[in-house]
Amino acid sequence: MKKLIVALSLVSVAGLANAACFGSDSFYTCSDASGNNYNVQKFGNTTNVYGNNSRTGSNWSSSSTDFGTMTITNGITNGKSWNKTDTKYGSYGTDSNGRYFNYNR
């Protein structure tokens, strides 16, 4: 789950490496070699990501909002919710199994 949260955070912040993307800066669709498909929508300081994996059948969505040096992300993975708060000091939140996590930088 940690990897999924990090991956979704990277998608919403940095874009997709090694993926074919089409669309505009504020709305685009991407596909990668792992079978993942993403729809990304940006509205001001909020980024919404909707994705699925055609090979595994998994699906997810997330909404990230930037507040200066803090980003709050809420998501759903295969019907289970999770959340994450990133600050310049670290990250914390709850994974899709309800387990709390905390990482210091």
# chains A, B, ... in the order shown; residues from 1 in each chain; ligands from 1
$ select_by_dssp --residues "chain A" --states "helix (DSSP H, G or I)" --output "PyMOL selection string"
chain A and resi 2-14
$ residues_around --residues "Cys21 (chain A)" --least-positions-apart "3" --cutoff "8 Å" --atoms "only C-alpha atoms" --output "PDB file with C-alpha atoms, in the first residue's frame"
ATOM      1  CA  TYR A  28      -4.985  14.395 -19.867  1.00  0.00           C
ATOM      2  CA  THR A  29      -5.122  10.632 -20.221  1.00  0.00           C
ATOM      3  CA  CYS A  30      -2.129   8.316 -19.912  1.00  0.00           C
ATOM      4  CA  SER A  31      -1.326   4.641 -20.418  1.00  0.00           C
TER       5      SER A  31
END
$ closest_residue --among "A:Lys88, A:Thr71, A:Asn45, A:Trp82" --to "Tyr100 (chain A)" --atoms "only C-alpha atoms"
A:Trp82
$ atom_distance --atom1 "CA of Asn18 (chain A)" --atom2 "CA of Gly79 (chain A)"
27.2 Å
$ residues_around --residues "Asn37 (chain A)" --least-positions-apart "3" --cutoff "10 Å" --atoms "only C-alpha atoms" --output "MDAnalysis selection string"
chainID A and resid 19:21 29:34 50:54 59
$ decode --residues "region 53-76 of chain A" --atoms "C-alpha atoms" --output "JSON list (two decimals), in the first residue's frame"
[["chain", "number", "residue", "atom", "x", "y", "z"],
["A", 53, "ASN", "CA", -5.11, -1.51, -14.41],
["A", 54, "SER", "CA", -6.54, -3.47, -17.31],
["A", 55, "ARG", "CA", -4.38, -6.51, -16.45],
["A", 56, "THR", "CA", -5.30, -6.83, -12.76],
["A", 57, "GLY", "CA", -8.72, -5.17, -12.71],
["A", 58, "SER", "CA", -7.69, -2.84, -9.87],
["A", 59, "ASN", "CA", -8.96, 0.74, -9.85],
["A", 60, "TRP", "CA", -8.30, 3.87, -7.82],
["A", 61, "SER", "CA", -8.94, 7.55, -7.56],
["A", 62, "SER", "CA", -7.34, 10.35, -5.62],
["A", 63, "SER", "CA", -7.76, 14.05, -5.03],
["A", 64, "SER", "CA", -4.73, 16.09, -3.94],
["A", 65, "THR", "CA", -4.83, 19.72, -2.86],
["A", 66, "ASP", "CA", -1.74, 21.85, -2.30],
["A", 67, "PHE", "CA", -1.65, 24.34, 0.57],
["A", 68, "GLY", "CA", 1.76, 25.97, 0.27],
["A", 69, "THR", "CA", 4.28, 23.38, 1.53],
["A", 70, "MET", "CA", 1.56, 20.89, 2.52],
["A", 71, "THR", "CA", -0.39, 18.52, 0.24],
["A", 72, "ILE", "CA", -3.46, 16.63, 1.40],
["A", 73, "THR", "CA", -4.51, 13.59, -0.63],
["A", 74, "ASN", "CA", -7.65, 11.49, -0.20],
["A", 75, "GLY", "CA", -8.16, 8.39, -2.28],
["A", 76, "ILE", "CA", -10.01, 5.17, -2.87]]
